[in-house]
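Text of model-v8.txt (compact mmCIF, C-alpha atoms) as supplied:
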```
# COMPACT_ATOMS: atom_id res chain seq x y z
CA MET A 1 108.41 122.29 107.42
CA ALA A 2 110.87 119.62 108.49
CA ASN A 3 109.56 116.24 109.55
CA ALA A 4 109.25 115.65 113.28
CA ASN A 5 108.97 112.61 115.49
CA LEU A 6 106.28 112.07 118.09
CA ASN A 7 106.93 109.44 120.75
CA VAL A 8 103.79 107.82 122.09
CA THR A 9 103.44 105.36 124.96
CA PHE A 10 100.21 103.93 126.29
CA SER A 11 99.78 101.64 129.28
CA ILE A 12 96.69 99.82 130.47
CA SER A 13 96.42 97.60 133.52
CA SER A 14 93.82 96.05 135.77
CA SER A 15 93.84 93.33 138.39
CA ASP A 16 90.09 93.02 138.75
CA LEU A 17 88.52 93.48 135.32
CA PHE A 18 88.56 89.68 135.00
CA ASN A 19 88.64 86.99 137.64
CA THR A 20 91.09 84.73 135.85
CA VAL A 21 93.56 87.01 134.14
CA ASN A 22 95.27 90.27 134.90
CA LEU A 23 95.54 92.97 132.29
CA ALA A 24 98.90 94.71 131.86
CA LYS A 25 100.16 96.05 128.59
CA THR A 26 102.39 98.89 127.50
CA VAL A 27 102.86 99.86 123.87
CA SER A 28 105.11 102.49 122.36
CA ASP A 29 105.48 103.97 118.93
CA ALA A 30 107.44 106.74 117.26
CA VAL A 31 105.39 108.33 114.50
CA VAL A 32 106.55 110.77 111.85
CA ILE A 33 104.73 114.07 111.62
CA ASP A 34 105.05 115.50 108.13
CA GLY A 35 101.79 117.32 107.46
CA ASP A 36 101.27 121.05 107.14
CA ASN A 37 98.74 121.42 109.98
CA ARG A 38 100.69 121.11 113.21
CA GLN A 39 98.74 122.40 116.20
CA GLY A 40 100.42 122.23 119.59
CA LEU A 41 98.70 121.87 122.92
CA THR A 42 95.69 124.14 122.88
CA THR A 43 92.77 124.83 125.16
CA MET A 44 89.37 125.98 123.99
CA VAL A 45 86.12 126.69 125.78
CA THR A 46 83.31 124.74 124.13
CA SER A 47 79.58 125.30 123.88
CA THR A 48 76.59 123.18 122.97
CA SER A 49 77.19 123.99 119.28
CA TYR A 50 79.86 122.23 117.26
CA ALA A 51 83.21 123.94 116.69
CA ASP A 52 86.12 122.60 114.64
CA ILE A 53 89.35 121.86 116.47
CA ASN A 54 91.44 121.86 113.27
CA VAL A 55 92.48 125.22 111.86
CA GLU A 56 92.78 123.99 108.27
CA ALA A 57 90.89 121.21 106.54
CA LEU A 58 92.70 117.89 106.90
CA ALA A 59 93.88 116.95 103.44
CA GLY A 60 96.81 114.53 103.39
CA THR A 61 96.85 111.33 101.33
CA THR A 62 98.66 108.84 103.62
CA GLN A 63 96.83 105.61 104.50
CA GLY A 64 93.52 106.55 102.97
CA GLY A 65 93.92 110.27 103.47
CA LYS A 66 93.15 113.13 105.84
CA LYS A 67 95.16 111.50 108.60
CA ALA A 68 96.21 113.28 111.78
CA TYR A 69 97.16 112.22 115.28
CA VAL A 70 94.80 113.72 117.81
CA TYR A 71 94.98 113.94 121.58
CA ALA A 72 92.11 115.47 123.51
CA LYS A 73 91.17 115.74 127.16
CA ASN A 74 88.09 117.02 128.90
CA THR A 75 89.43 119.18 131.70
CA ASP A 76 85.99 119.94 133.09
CA ALA A 77 84.69 118.46 136.35
CA THR A 78 81.04 118.28 135.39
CA ASP A 79 80.10 118.23 131.71
CA SER A 80 80.98 115.89 128.86
CA LEU A 81 82.50 116.62 125.47
CA ILE A 82 81.00 115.15 122.30
CA PHE A 83 83.07 114.61 119.15
CA ALA A 84 81.79 114.25 115.61
CA ASP A 85 83.31 113.81 112.17
CA ASP A 86 82.78 115.95 109.08
CA GLY A 87 79.41 114.29 108.51
CA ASP A 88 78.23 115.16 112.04
CA GLN A 89 78.49 111.51 113.06
CA GLU A 90 79.29 111.27 116.76
CA PHE A 91 82.11 108.89 117.53
CA ALA A 92 83.46 109.77 120.97
CA ARG A 93 82.35 111.20 124.29
CA LEU A 94 84.78 112.35 126.95
CA ALA A 95 83.40 112.40 130.45
CA PRO A 96 85.07 114.82 132.88
CA GLY A 97 88.77 114.02 133.17
CA GLU A 98 88.81 111.51 130.31
CA PHE A 99 91.16 111.69 127.31
CA PHE A 100 91.79 109.97 123.99
CA PHE A 101 94.57 109.55 121.48
CA TYR A 102 93.92 108.27 117.97
CA PRO A 103 94.85 108.69 114.32
CA THR A 104 91.88 110.34 112.65
CA ALA A 105 91.31 109.66 108.96
CA ASP A 106 88.85 110.16 106.11
CA ASN A 107 87.46 113.37 107.57
CA THR A 108 88.32 116.96 106.76
CA LYS A 109 87.52 118.12 110.25
CA ILE A 110 86.90 117.09 113.84
CA GLN A 111 84.11 118.80 115.69
CA VAL A 112 83.51 119.15 119.41
CA LYS A 113 80.64 120.40 121.51
CA SER A 114 79.57 120.13 125.13
CA SER A 115 76.76 118.04 126.54
CA SER A 116 75.86 121.20 128.46
CA GLY A 117 77.67 124.19 129.87
CA THR A 118 81.04 125.34 128.64
CA PRO A 119 83.67 122.72 129.46
CA THR A 120 87.21 123.31 128.29
CA ILE A 121 88.90 120.94 125.87
CA GLU A 122 92.66 120.50 125.81
CA PHE A 123 93.89 119.11 122.52
CA LEU A 124 96.80 118.47 120.17
CA LEU A 125 96.46 117.84 116.43
CA LEU A 126 99.30 116.77 114.16
CA GLU A 127 98.56 116.17 110.48
CA VAL A 128 100.21 113.56 108.29
CA SER A 129 100.92 114.42 104.66
CA MET B 1 83.30 97.47 140.14
CA ALA B 2 86.60 96.91 138.39
CA THR B 3 89.23 99.58 138.03
CA VAL B 4 91.44 100.00 134.98
CA ASN B 5 94.49 102.23 135.06
CA ILE B 6 95.61 103.95 131.89
CA THR B 7 98.55 106.21 131.11
CA LEU B 8 99.36 108.12 127.94
CA ALA B 9 102.71 109.81 127.39
CA LEU B 10 103.50 112.04 124.42
CA SER B 11 106.83 113.67 123.72
CA SER B 12 108.74 115.35 120.92
CA THR B 13 111.78 117.55 120.71
CA ASP B 14 111.39 118.62 117.09
CA LEU B 15 107.71 119.31 116.48
CA PHE B 16 108.21 122.99 117.19
CA ALA B 17 111.34 125.11 116.99
CA LYS B 18 110.62 126.95 120.23
CA GLN B 19 108.76 124.41 122.30
CA THR B 20 109.43 120.88 123.50
CA LEU B 21 106.45 118.63 123.94
CA SER B 22 106.38 116.28 126.90
CA PHE B 23 103.44 115.32 129.04
CA THR B 24 101.74 112.36 130.65
CA GLU B 25 98.08 111.78 131.35
CA THR B 26 96.63 109.17 133.67
CA ASP B 27 93.12 108.06 134.44
CA ILE B 28 91.37 105.39 136.45
CA LEU B 29 88.44 103.89 134.61
CA SER B 30 85.50 102.00 136.11
CA PRO B 31 83.87 100.07 133.30
CA ALA B 32 80.62 98.53 134.51
CA GLY B 33 78.89 97.32 131.35
CA ASP B 34 78.02 93.73 130.54
CA LYS B 35 80.72 93.35 127.89
CA GLN B 36 84.41 93.44 128.82
CA LEU B 37 86.69 91.99 126.15
CA VAL B 38 90.38 91.41 125.61
CA GLY B 39 91.29 89.76 122.38
CA ARG B 40 93.09 89.60 119.08
CA VAL B 41 91.70 89.21 115.62
CA ILE B 42 93.36 88.27 112.36
CA THR B 43 91.57 90.66 110.08
CA SER B 44 89.80 89.17 107.10
CA GLY B 45 91.30 91.44 104.47
CA SER B 46 90.25 94.30 102.28
CA GLY B 47 86.56 94.27 101.49
CA THR B 48 85.54 92.38 104.63
CA LYS B 49 84.72 94.05 107.94
CA ASP B 50 85.28 92.31 111.26
CA ASN B 51 83.01 93.21 114.17
CA LEU B 52 84.43 93.32 117.68
CA ALA B 53 81.47 93.24 120.08
CA PRO B 54 79.75 89.92 120.78
CA LYS B 55 76.44 91.70 121.26
CA ALA B 56 75.16 95.23 120.86
CA LEU B 57 76.84 97.98 122.83
CA ASP B 58 74.26 99.63 125.02
CA GLY B 59 73.95 101.72 128.16
CA ALA B 60 74.02 105.51 128.21
CA ASN B 61 75.14 106.75 124.80
CA ASP B 62 76.33 103.21 123.93
CA ALA B 63 79.63 104.26 125.47
CA ALA B 64 82.69 102.03 125.70
CA TYR B 65 86.41 102.38 126.19
CA VAL B 66 88.35 100.92 123.30
CA PHE B 67 92.05 100.23 122.88
CA LEU B 68 93.21 98.95 119.49
CA HIS B 69 96.71 97.99 118.38
CA ASN B 70 97.66 97.08 114.83
CA THR B 71 100.52 94.66 115.44
CA SER B 72 101.53 94.33 111.80
CA THR B 73 104.96 95.45 110.65
CA ALA B 74 104.18 95.36 106.93
CA THR B 75 104.24 98.81 105.37
CA ASN B 76 100.85 98.77 103.69
CA GLU B 77 98.84 96.77 106.23
CA ASN B 78 96.64 99.52 107.60
CA VAL B 79 93.40 98.99 109.52
CA LYS B 80 90.37 101.23 109.18
CA ILE B 81 88.14 101.71 112.24
CA ALA B 82 84.41 102.40 111.99
CA LEU B 83 81.26 102.48 114.11
CA CYS B 84 78.29 100.31 113.16
CA ALA B 85 74.74 101.58 113.47
CA ALA B 86 73.49 98.10 114.35
CA HIS B 87 75.16 95.06 115.85
CA GLY B 88 75.69 92.29 113.34
CA THR B 89 75.78 94.63 110.40
CA ASP B 90 78.75 96.29 108.73
CA SER B 91 79.46 99.97 109.09
CA ALA B 92 78.49 102.15 106.17
CA SER B 93 81.22 102.89 103.64
CA GLY B 94 81.79 106.42 104.89
CA ASP B 95 81.64 105.68 108.59
CA TRP B 96 85.29 104.97 109.25
CA PHE B 97 86.91 107.68 111.30
CA ALA B 98 90.37 106.34 112.18
CA VAL B 99 93.18 104.39 110.57
CA LEU B 100 95.91 102.44 112.33
CA GLY B 101 99.12 102.07 110.40
CA PRO B 102 101.52 99.22 111.19
CA GLY B 103 102.46 99.34 114.87
CA GLU B 104 100.01 102.10 115.66
CA PHE B 105 97.46 102.09 118.47
CA MET B 106 94.62 104.19 119.78
CA PHE B 107 92.62 104.64 122.94
CA MET B 108 89.21 106.28 122.93
CA PRO B 109 86.00 106.44 124.91
CA VAL B 110 83.64 105.87 121.99
CA GLY B 111 80.00 106.79 122.25
CA SER B 112 77.10 108.41 120.48
CA SER B 113 73.80 109.88 121.57
CA THR B 114 72.35 108.93 118.18
CA GLY B 115 73.21 105.29 118.66
CA PHE B 116 75.68 102.76 117.37
CA GLN B 117 76.10 99.23 118.52
CA ASP B 118 79.45 97.89 117.43
CA ILE B 119 82.90 98.64 116.09
CA ASP B 120 84.32 97.06 112.97
CA LEU B 121 87.76 96.81 111.44
CA GLU B 122 88.82 96.51 107.82
CA ALA B 123 92.35 95.90 106.61
CA THR B 124 93.48 97.81 103.56
CA ASN B 125 95.96 95.08 102.59
CA GLY B 126 96.91 91.67 103.92
CA ASN B 127 95.57 90.30 107.18
CA PRO B 128 97.07 92.39 109.96
CA VAL B 129 96.50 91.19 113.51
CA VAL B 130 94.75 93.64 115.81
CA GLU B 131 94.86 93.30 119.58
CA TYR B 132 92.08 95.03 121.43
CA VAL B 133 90.46 95.83 124.75
CA LEU B 134 86.79 96.79 124.63
CA MET B 135 85.14 97.80 127.90
CA GLU B 136 81.52 98.85 127.96
CA LYS B 137 81.06 101.75 130.37
CA ALA B 138 77.60 100.97 131.74
```

Here is a file; write its structure as structure tokens.
Amino acid sequence: MANANLNVTFSISSSDLFNTVNLAKTVSDAVVIDGDNRQGLTTMVTSTSYADINVEALAGTTQGGKKAYVYAKNTDATDSLIFADDGDQEFARLAPGEFFFYPTADNTKIQVKSSSGTPTIEFLLLEVS
Amino acid sequence: MATVNITLALSSTDLFAKQTLSFTETDILSPAGDKQLVGRVITSGSGTKDNLAPKALDGANDAAYVFLHNTSTATNENVKIALCAAHGTDSASGDWFAVLGPGEFMFMPVGSSTGFQDIDLEATNGNPVVEYVLMEKA
């Protein structure tokens, strides 16, 4: 599979988080996607039991290994999504409407479950070799 | 309560032969915890972990919004990200879950029902500078 480029831009701003300074920052990056597990935008209904969002075990060797860029959003209006690594250690919680983007590493899988109910996760996972 | 606006845009024309990727997500956050930080840290180098929070993250599920940016341009200056079970102590060796290569960044609402109290960073090589925003949710 030919290498691909993913363009990523993130902006954060606030005029009232601090009294004395305003927060305004935009960062951009173009990352190379060269792994063999390339999952496009996907939606999945979750439950209160963990399910993997990666189809194959993450297995690359770049930067410590098992790296992949992951976007996820909780599209539900009520319930939260809970994320855990391959050792069942929770590391993130998405309240309704929240999203994240990060480069996962050192884990063969990413698991997700709901706090209750069956909220839908929207996600993208792009492995690095 | 403060409001923080965030926007994420992802795009690619060559990830898939039959599909172009292009979308933008926005959110308005309302962090209300007792720790709101903006800062930069020169990491201490491989073998030493640098904690971010000045005191233990707490509130429901110890949740916080975190933005991290590895500002290094050196090829091998990666930064490993981990959660610490207790404030003032290093994360366990297998607790890192993300790595930021040079120029890379991440945004995540971290949190755990089983408890953690801090985030630490460890450079794989050199002393890359990491800029960060850490906003406790409640």

Requested in this report: Using only C-alpha atoms, find which residues of chain A lie within 6 Å of chain B and jot them down as number ranges by chain.
Outcome: A: 4, 6-14, 16-17, 90-93, 100-105

For the residues in that selection, give me C-alpha atoms as an mmCIF file, in the frame of the given file.
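Wrote it out as result_19.cif, contents follow:
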```
data_model
loop_
_atom_site.group_PDB
_atom_site.id
_atom_site.type_symbol
_atom_site.label_atom_id
_atom_site.label_comp_id
_atom_site.auth_asym_id
_atom_site.auth_seq_id
_atom_site.Cartn_x
_atom_site.Cartn_y
_atom_site.Cartn_z
ATOM 1 C CA ALA A 4 109.250 115.650 113.280
ATOM 2 C CA LEU A 6 106.280 112.070 118.090
ATOM 3 C CA ASN A 7 106.930 109.440 120.750
ATOM 4 C CA VAL A 8 103.790 107.820 122.090
ATOM 5 C CA THR A 9 103.440 105.360 124.960
ATOM 6 C CA PHE A 10 100.210 103.930 126.290
ATOM 7 C CA SER A 11 99.780 101.640 129.280
ATOM 8 C CA ILE A 12 96.690 99.820 130.470
ATOM 9 C CA SER A 13 96.420 97.600 133.520
ATOM 10 C CA SER A 14 93.820 96.050 135.770
ATOM 11 C CA ASP A 16 90.090 93.020 138.750
ATOM 12 C CA LEU A 17 88.520 93.480 135.320
ATOM 13 C CA GLU A 90 79.290 111.270 116.760
ATOM 14 C CA PHE A 91 82.110 108.890 117.530
ATOM 15 C CA ALA A 92 83.460 109.770 120.970
ATOM 16 C CA ARG A 93 82.350 111.200 124.290
ATOM 17 C CA PHE A 100 91.790 109.970 123.990
ATOM 18 C CA PHE A 101 94.570 109.550 121.480
ATOM 19 C CA TYR A 102 93.920 108.270 117.970
ATOM 20 C CA PRO A 103 94.850 108.690 114.320
ATOM 21 C CA THR A 104 91.880 110.340 112.650
ATOM 22 C CA ALA A 105 91.310 109.660 108.960
#
```

Report task. Provide the CA of Met44 in chain A to CA of Ile121 in chain A distance in Å, to one decimal place. Result -> 5.4 Å

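Closest approach to Ala92 in chain B among B:Ile42, B:Ile119, B:Ala74, B:Val129 is made by B:Ile119 (distances from only C-alpha atoms).
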
Requested in this report: Take CA of Thr43 in chain B and CA of Asp90 in chain B and report the distance between them in Å, one decimal.
Outcome: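 The value is 14.1 Å.
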
Query - 9 Å contact set for range 66-68 of chain A, only C-alpha atoms, chain neighbours under 4 positions out, as a VMD selection string - result: (chain A and resid 33 35 37 57 to 62 102 to 109 125 to 129) or (chain B and resid 98 to 99)

Report task. Point out the residue among A:Asn3, A:Gln39, A:Gln89, A:Asn74 with the least atom-to-atom distance to Ile53 in chain A, counting only C-alpha atoms. Result ->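 Looking at the shortest contact to Ile53 in chain A, the residue is A:Gln39.
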
Report task. Mind listing whatever residues come within 8 Å of the point (82.2, 117.5, 132.7)? Use only C-alpha atoms, file coordinates, and give them as a ChimeraX atom specification. Result -> /A:74-81,95-97,119

Query raised in the report: Which distance in Å separates CA of Leu23 in chain A and CA of Phe99 in chain A, to one decimal?
Result: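 Answer for the CA of Leu23 in chain A to CA of Phe99 in chain A separation: 19.9 Å.
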